[in-house]
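What follows is a set of notes on a single structure, which appears directly below.
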Amino acid sequence: MSTTAATPDPIHPIHPIDPLAALRAPTDPEHDVYLTGTVFLDIIFTGLDHAPVRGTESWARGMGSSPGGIANMATALARLGLHTTLAAAFGADVYGDYCWESLALGEGVDLTPSRRVPGWHSPVTVSMAYEGERTMVTHEHPAPPPAVRGAPPPSRAGVATFEPGRQEDWVRRAHAQGSKIFADVGWDETGRWDPAALPDLPYAHAFLPNAAEAQRYTRTDSPERAVRALAELVPIAVVTRGAEGAVAIDSVSGERAEVPGLPVDALDPTGAGDVFVAGFLTGTLAGWPLADRLAFANLTAALSVQHFGGSLAAPGWPEVAAWWNRARRAAGDGGADAAGLARRYAFLGDLIPDRVHGCPRLRALPTIGFRVHDSAQRS
């Protein structure tokens, strides 16, 4: 017997929880978040015993394919219930078909500002995960011109990645329209690490570098000192510390917060930074206290690394609800650590109904192109 899954609304999909429901008004922008960038086809190998060795063949115990690049962030935001619109170029090939369908139909990302480009093939990245790290090989031809010209569509927020010496006109335009810009930063290959080389930094509402990047940009020797220095430059400064959690200062509210990481069995760290930003952005737009925003971002990132595939590893509210239910049960069974964890995440109890219904999230598969009739034949 076969079943056919319902196709979600490609602009406003049905989510079990809308984190901004209490804030929405008829005059609000249609979109919660706007972002633009390059979509890659990611092919991920996991379960490698060691790094590839020249002249040998390595066998991977796991493999998955998923949309990557800016698709990681778009998927993470959409799975948390935010109305997300993406401007990107997609190759007019089978890889482009797969990435477009995965985002528009599978995740409900609005691709109205995006376009298909004849004759340009989709960029591809092969990622190999081993020993808690990853090695990547990418092939791409020069990207076509930006998919959107002029001002981006109005939105509550925009997500950008700052690169030294590069200015994005859309960031300035979005900021002028009232969008809150959330940004991380790329590695400075020049080695100068000069904040003045980030021309879009004055438009950032929140800046979220990792500890290594933050300490280099601020010439400090700890994440704590780095976040204090960055708070002089942007309204909200966040420094991520990987498995050790994150520290942040919100100069708008006057809050400072630090949260530890969550111990998990990590399978693949691809896209975890994007999921962290998506979780923090969600809490910020919803008006949560800073400590809750950091804790939620840590949780969503921790849940994502337990799956492989970048974008398709991102959790939605059903996964967050399942984790919260396990945490509450563990606290009820006793133990100071479990009780402390339940107290730290008690704010989830006000967000998550007793029963959260949602479709199982698509995960990375070791192929692309399965069609409905294929699924029907296998079921």
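A note on labels: chains of the structure tokens are A, B, ... as shown, every chain counts residues from 1, and ligands are counted from 1 in their shown order.
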Quiz prompt | Per-residue DSSP, region 204-244 of chain A, filtered to strand (DSSP E), as a ChimeraX atom specification | solution = /A:204-207,236-240
Quiz prompt | Distance query Tyr34 (chain A) at most 12 Å, only C-alpha atoms, self and fewer than 6 positions along chain excluded, as a PyMOL selection string | solution = chain A and resi 70+73-74+77-78+82-88+109-114+148+151-160+170-171+173-175+179-182
Self-check item: For CA of Trp323 (chain A) and CA of Gly62 (chain A), the interatomic separation in Å (one decimal)
Solution: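 Distance reported for this atom pair: 24.2 Å.
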Practice problem: Could you pull out the residues in region 182-254 of chain A that DSSP calls helix (DSSP H, G or I) from the backbone, as an MDAnalysis selection string? | Solution: chainID A and resid 195:197 201:203 211:218 223:230 242:244
Quiz prompt | Nearest-residue call for Ala295 (chain A), choices A:Asn210, A:Thr270, A:Ser311, A:Thr240, using only C-alpha atoms | solution =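 Closest candidate: A:Thr240.
One finds CA of Ala22 (chain A) at 14.0 Å from CA of Ile352 (chain A).
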Considering only C-alpha atoms, tabulate each residue of region 172-284 of chain A that lies at most 12 Å from region 132-145 of chain A along with its nearest interatomic pair and the corresponding distance in Å to one decimal; arrange the rows by chain and ascending residue number and present them as CSV.
```
residue,atom,partner,partner_atom,distance
A:Gly242,CA,A:Gly132,CA,11.7
A:Ala243,CA,A:Gly132,CA,11.1
A:Val264,CA,A:Gly132,CA,11.8
A:Asp265,CA,A:Gly132,CA,9.8
A:Ala266,CA,A:Gly132,CA,7.2
A:Leu267,CA,A:Gly132,CA,7.5
A:Asp268,CA,A:Gly132,CA,7.3
A:Pro269,CA,A:Glu133,CA,7.4
A:Thr270,CA,A:Arg134,CA,7.9
A:Gly271,CA,A:Arg134,CA,11.4
```
Please write the residues from the selection above to a file, keeping N, CA, C and O atoms, as a PDB file, in the first residue's frame.
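Written output follows (out34.pdb):
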```pdb
ATOM      1  N   GLY A 242      31.720  26.624  20.122  1.00  0.00           N
ATOM      2  CA  GLY A 242      31.589  25.227  19.748  1.00  0.00           C
ATOM      3  C   GLY A 242      30.917  24.422  20.837  1.00  0.00           C
ATOM      4  O   GLY A 242      29.870  24.793  21.371  1.00  0.00           O
ATOM      5  N   ALA A 243      31.536  23.305  21.190  1.00  0.00           N
ATOM      6  CA  ALA A 243      30.972  22.420  22.200  1.00  0.00           C
ATOM      7  C   ALA A 243      30.929  23.047  23.586  1.00  0.00           C
ATOM      8  O   ALA A 243      30.249  22.532  24.479  1.00  0.00           O
ATOM      9  N   VAL A 264      26.632  15.935  23.230  1.00  0.00           N
ATOM     10  CA  VAL A 264      25.924  15.068  22.290  1.00  0.00           C
ATOM     11  C   VAL A 264      26.951  14.222  21.548  1.00  0.00           C
ATOM     12  O   VAL A 264      28.143  14.541  21.519  1.00  0.00           O
ATOM     13  N   ASP A 265      26.476  13.149  20.958  1.00  0.00           N
ATOM     14  CA  ASP A 265      27.316  12.332  20.092  1.00  0.00           C
ATOM     15  C   ASP A 265      27.236  12.931  18.689  1.00  0.00           C
ATOM     16  O   ASP A 265      26.263  12.725  17.956  1.00  0.00           O
ATOM     17  N   ALA A 266      28.251  13.692  18.318  1.00  0.00           N
ATOM     18  CA  ALA A 266      28.228  14.416  17.048  1.00  0.00           C
ATOM     19  C   ALA A 266      28.575  13.492  15.893  1.00  0.00           C
ATOM     20  O   ALA A 266      29.561  12.751  15.947  1.00  0.00           O
ATOM     21  N   LEU A 267      27.757  13.534  14.849  1.00  0.00           N
ATOM     22  CA  LEU A 267      28.005  12.759  13.644  1.00  0.00           C
ATOM     23  C   LEU A 267      28.639  13.624  12.560  1.00  0.00           C
ATOM     24  O   LEU A 267      29.583  13.224  11.903  1.00  0.00           O
ATOM     25  N   ASP A 268      28.116  14.843  12.380  1.00  0.00           N
ATOM     26  CA  ASP A 268      28.593  15.707  11.303  1.00  0.00           C
ATOM     27  C   ASP A 268      28.319  17.151  11.689  1.00  0.00           C
ATOM     28  O   ASP A 268      27.166  17.534  11.882  1.00  0.00           O
ATOM     29  N   PRO A 269      29.360  17.995  11.797  1.00  0.00           N
ATOM     30  CA  PRO A 269      29.153  19.388  12.203  1.00  0.00           C
ATOM     31  C   PRO A 269      28.714  20.319  11.078  1.00  0.00           C
ATOM     32  O   PRO A 269      28.503  21.507  11.306  1.00  0.00           O
ATOM     33  N   THR A 270      28.554  19.791   9.850  1.00  0.00           N
ATOM     34  CA  THR A 270      28.190  20.643   8.719  1.00  0.00           C
ATOM     35  C   THR A 270      26.905  21.415   9.002  1.00  0.00           C
ATOM     36  O   THR A 270      25.876  20.827   9.338  1.00  0.00           O
ATOM     37  N   GLY A 271      26.960  22.717   8.864  1.00  0.00           N
ATOM     38  CA  GLY A 271      25.773  23.547   9.017  1.00  0.00           C
ATOM     39  C   GLY A 271      25.391  23.894  10.436  1.00  0.00           C
ATOM     40  O   GLY A 271      24.424  24.644  10.645  1.00  0.00           O
TER      41      GLY A 271
END
```
Self-check item: 10 Å contact set for Trp100 (chain A), only C-alpha atoms, chain neighbours under 3 positions out, as a VMD selection string
Solution: chain A and resid 39 67 71 88 to 91 94 to 97 103 to 106 109 111 114 to 116
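Distances from A:Glu255, A:Glu57, A:Asp18, A:Asp274 to Leu351 (chain A) were compared using only C-alpha atoms, and the smallest one belongs to A:Asp18.
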Quiz prompt | All residues 12 Å or closer to Gly283 (chain A), only C-alpha atoms, same chain fewer than 3 positions away omitted, as number ranges by chain | solution = A: 18-20, 77, 80-82, 276-280, 286-298, 300, 347-348, 351
Write a file of the selected residues as an mmCIF file, in the first residue's frame, keeping N, CA, C and O atoms.
```
data_model
loop_
_atom_site.group_PDB
_atom_site.id
_atom_site.type_symbol
_atom_site.label_atom_id
_atom_site.label_comp_id
_atom_site.auth_asym_id
_atom_site.auth_seq_id
_atom_site.Cartn_x
_atom_site.Cartn_y
_atom_site.Cartn_z
ATOM 1 N N ASP A 18 4.350 28.455 15.650
ATOM 2 C CA ASP A 18 4.771 29.717 15.051
ATOM 3 C C ASP A 18 5.347 30.563 16.184
ATOM 4 O O ASP A 18 4.602 31.107 16.998
ATOM 5 N N PRO A 19 6.666 30.704 16.274
ATOM 6 C CA PRO A 19 7.266 31.424 17.406
ATOM 7 C C PRO A 19 6.918 32.910 17.420
ATOM 8 O O PRO A 19 7.095 33.566 18.443
ATOM 9 N N LEU A 20 6.425 33.442 16.306
ATOM 10 C CA LEU A 20 6.097 34.864 16.242
ATOM 11 C C LEU A 20 4.595 35.104 16.227
ATOM 12 O O LEU A 20 4.150 36.236 15.958
ATOM 13 N N LEU A 77 15.960 28.096 9.242
ATOM 14 C CA LEU A 77 14.980 29.122 9.587
ATOM 15 C C LEU A 77 13.558 28.640 9.314
ATOM 16 O O LEU A 77 12.656 28.814 10.140
ATOM 17 N N LEU A 80 12.072 26.205 11.787
ATOM 18 C CA LEU A 80 11.681 26.802 13.066
ATOM 19 C C LEU A 80 10.433 27.670 12.928
ATOM 20 O O LEU A 80 10.047 28.364 13.868
ATOM 21 N N GLY A 81 9.801 27.635 11.758
ATOM 22 C CA GLY A 81 8.519 28.289 11.585
ATOM 23 C C GLY A 81 8.573 29.712 11.093
ATOM 24 O O GLY A 81 7.546 30.401 11.092
ATOM 25 N N LEU A 82 9.734 30.194 10.665
ATOM 26 C CA LEU A 82 9.840 31.561 10.165
ATOM 27 C C LEU A 82 9.557 31.597 8.666
ATOM 28 O O LEU A 82 9.999 30.722 7.918
ATOM 29 N N PHE A 276 22.734 27.449 14.617
ATOM 30 C CA PHE A 276 22.870 28.300 15.801
ATOM 31 C C PHE A 276 22.333 29.697 15.516
ATOM 32 O O PHE A 276 21.545 30.247 16.299
ATOM 33 N N VAL A 277 22.748 30.289 14.397
ATOM 34 C CA VAL A 277 22.279 31.628 14.049
ATOM 35 C C VAL A 277 20.761 31.633 13.886
ATOM 36 O O VAL A 277 20.069 32.545 14.350
ATOM 37 N N ALA A 278 20.218 30.601 13.233
ATOM 38 C CA ALA A 278 18.772 30.520 13.030
ATOM 39 C C ALA A 278 18.032 30.452 14.357
ATOM 40 O O ALA A 278 16.995 31.111 14.545
ATOM 41 N N GLY A 279 18.555 29.675 15.305
ATOM 42 C CA GLY A 279 17.911 29.587 16.612
ATOM 43 C C GLY A 279 17.978 30.901 17.370
ATOM 44 O O GLY A 279 16.996 31.319 17.999
ATOM 45 N N PHE A 280 19.139 31.565 17.307
ATOM 46 C CA PHE A 280 19.282 32.843 18.009
ATOM 47 C C PHE A 280 18.400 33.906 17.368
ATOM 48 O O PHE A 280 17.762 34.701 18.076
ATOM 49 N N ALA A 286 11.361 36.905 18.468
ATOM 50 C CA ALA A 286 10.245 36.595 19.366
ATOM 51 C C ALA A 286 10.311 37.373 20.665
ATOM 52 O O ALA A 286 9.356 37.330 21.452
ATOM 53 N N GLY A 287 11.435 38.058 20.928
ATOM 54 C CA GLY A 287 11.549 38.878 22.126
ATOM 55 C C GLY A 287 11.917 38.125 23.384
ATOM 56 O O GLY A 287 11.626 38.582 24.493
ATOM 57 N N TRP A 288 12.604 36.973 23.251
ATOM 58 C CA TRP A 288 12.994 36.200 24.437
ATOM 59 C C TRP A 288 14.163 36.856 25.165
ATOM 60 O O TRP A 288 14.938 37.601 24.562
ATOM 61 N N PRO A 289 14.335 36.552 26.453
ATOM 62 C CA PRO A 289 15.542 36.989 27.172
ATOM 63 C C PRO A 289 16.792 36.441 26.502
ATOM 64 O O PRO A 289 16.769 35.376 25.856
ATOM 65 N N LEU A 290 17.894 37.148 26.660
ATOM 66 C CA LEU A 290 19.132 36.784 25.985
ATOM 67 C C LEU A 290 19.588 35.371 26.344
ATOM 68 O O LEU A 290 20.004 34.601 25.461
ATOM 69 N N ALA A 291 19.520 35.000 27.616
ATOM 70 C CA ALA A 291 19.975 33.669 28.029
ATOM 71 C C ALA A 291 19.152 32.569 27.364
ATOM 72 O O ALA A 291 19.685 31.522 26.988
ATOM 73 N N ASP A 292 17.855 32.799 27.187
ATOM 74 C CA ASP A 292 17.004 31.808 26.528
ATOM 75 C C ASP A 292 17.341 31.708 25.048
ATOM 76 O O ASP A 292 17.327 30.619 24.460
ATOM 77 N N ARG A 293 17.641 32.849 24.426
ATOM 78 C CA ARG A 293 18.032 32.825 23.016
ATOM 79 C C ARG A 293 19.298 32.005 22.815
ATOM 80 O O ARG A 293 19.402 31.191 21.885
ATOM 81 N N LEU A 294 20.281 32.234 23.697
ATOM 82 C CA LEU A 294 21.541 31.485 23.580
ATOM 83 C C LEU A 294 21.321 29.998 23.821
ATOM 84 O O LEU A 294 21.854 29.149 23.096
ATOM 85 N N ALA A 295 20.530 29.678 24.840
ATOM 86 C CA ALA A 295 20.275 28.268 25.148
ATOM 87 C C ALA A 295 19.556 27.584 23.988
ATOM 88 O O ALA A 295 19.877 26.444 23.625
ATOM 89 N N PHE A 296 18.572 28.256 23.407
ATOM 90 C CA PHE A 296 17.831 27.666 22.287
ATOM 91 C C PHE A 296 18.746 27.469 21.079
ATOM 92 O O PHE A 296 18.688 26.431 20.403
ATOM 93 N N ALA A 297 19.593 28.450 20.793
ATOM 94 C CA ALA A 297 20.533 28.316 19.682
ATOM 95 C C ALA A 297 21.474 27.147 19.907
ATOM 96 O O ALA A 297 21.771 26.366 18.988
ATOM 97 N N ASN A 298 21.974 26.999 21.155
ATOM 98 C CA ASN A 298 22.828 25.866 21.480
ATOM 99 C C ASN A 298 22.098 24.548 21.262
ATOM 100 O O ASN A 298 22.654 23.577 20.738
ATOM 101 N N THR A 300 19.411 23.843 19.288
ATOM 102 C CA THR A 300 19.158 23.513 17.894
ATOM 103 C C THR A 300 20.438 23.075 17.177
ATOM 104 O O THR A 300 20.420 22.133 16.381
ATOM 105 N N PHE A 347 11.842 27.442 29.774
ATOM 106 C CA PHE A 347 11.084 28.346 28.903
ATOM 107 C C PHE A 347 10.422 27.593 27.745
ATOM 108 O O PHE A 347 9.429 28.057 27.178
ATOM 109 N N LEU A 348 10.969 26.411 27.391
ATOM 110 C CA LEU A 348 10.348 25.636 26.324
ATOM 111 C C LEU A 348 8.969 25.138 26.719
ATOM 112 O O LEU A 348 8.113 24.923 25.856
ATOM 113 N N LEU A 351 6.361 27.309 25.407
ATOM 114 C CA LEU A 351 6.289 27.393 23.948
ATOM 115 C C LEU A 351 5.694 26.152 23.311
ATOM 116 O O LEU A 351 5.030 26.244 22.269
#
```
Self-check item: Exercise: Ala92 (chain A) partners within 7 Å, only C-alpha atoms, chain neighbours under 4 positions left out, as a PyMOL selection string
Solution: chain A and resi 96+116-121
Quiz prompt | Residues within 6 Å of region 256-259 of chain A, only C-alpha atoms, excluding chain neighbours under 6 positions, as a list in words | solution =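 Contacts, with the query itself left out: Gly245, Ala246, Val247, Ala248, Ile249 and Ala291 of chain A.
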I need the chosen residues saved as a short mmCIF file (atom, residue, chain, number, x, y, z; two decimals), in the first residue's frame, with all heavy atoms.
```cif
data_model
loop_
_atom_site.label_atom_id
_atom_site.label_comp_id
_atom_site.auth_asym_id
_atom_site.auth_seq_id
_atom_site.Cartn_x
_atom_site.Cartn_y
_atom_site.Cartn_z
N GLY A 245 29.70 26.05 24.24
CA GLY A 245 28.58 26.96 24.38
C GLY A 245 28.82 28.31 23.74
O GLY A 245 29.49 28.42 22.70
N ALA A 246 28.32 29.37 24.36
CA ALA A 246 28.41 30.71 23.77
C ALA A 246 28.27 31.77 24.85
O ALA A 246 27.76 31.51 25.95
CB ALA A 246 27.32 30.90 22.72
N VAL A 247 28.73 32.98 24.53
CA VAL A 247 28.62 34.12 25.43
C VAL A 247 28.13 35.29 24.60
O VAL A 247 28.47 35.40 23.40
CB VAL A 247 29.98 34.43 26.10
CG1 VAL A 247 31.05 34.74 25.07
CG2 VAL A 247 29.84 35.55 27.11
N ALA A 248 27.30 36.17 25.20
CA ALA A 248 26.71 37.25 24.43
C ALA A 248 26.43 38.46 25.30
O ALA A 248 26.25 38.35 26.52
CB ALA A 248 25.41 36.79 23.77
N ILE A 249 26.39 39.62 24.65
CA ILE A 249 25.98 40.88 25.27
C ILE A 249 24.96 41.55 24.37
O ILE A 249 25.21 41.74 23.17
CB ILE A 249 27.18 41.81 25.51
CG1 ILE A 249 28.14 41.21 26.53
CG2 ILE A 249 26.71 43.19 25.98
CD1 ILE A 249 29.41 42.03 26.74
N ALA A 291 19.52 35.00 27.62
CA ALA A 291 19.97 33.67 28.03
C ALA A 291 19.15 32.57 27.36
O ALA A 291 19.68 31.52 26.99
CB ALA A 291 19.91 33.53 29.55
#
```
Quiz item: From the list A:Pro353, A:Pro202, A:Pro209, A:Gly69, which residue is nearest Leu233 (chain A) when using only C-alpha atoms?
Solution: A:Pro202
Practice problem: Would you mind reading off the distance between CA of Ala204 (chain A) and CA of Arg172 (chain A), one decimal, in Å? | Solution: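 One can read the CA of Ala204 (chain A) to CA of Arg172 (chain A) distance as 9.5 Å.
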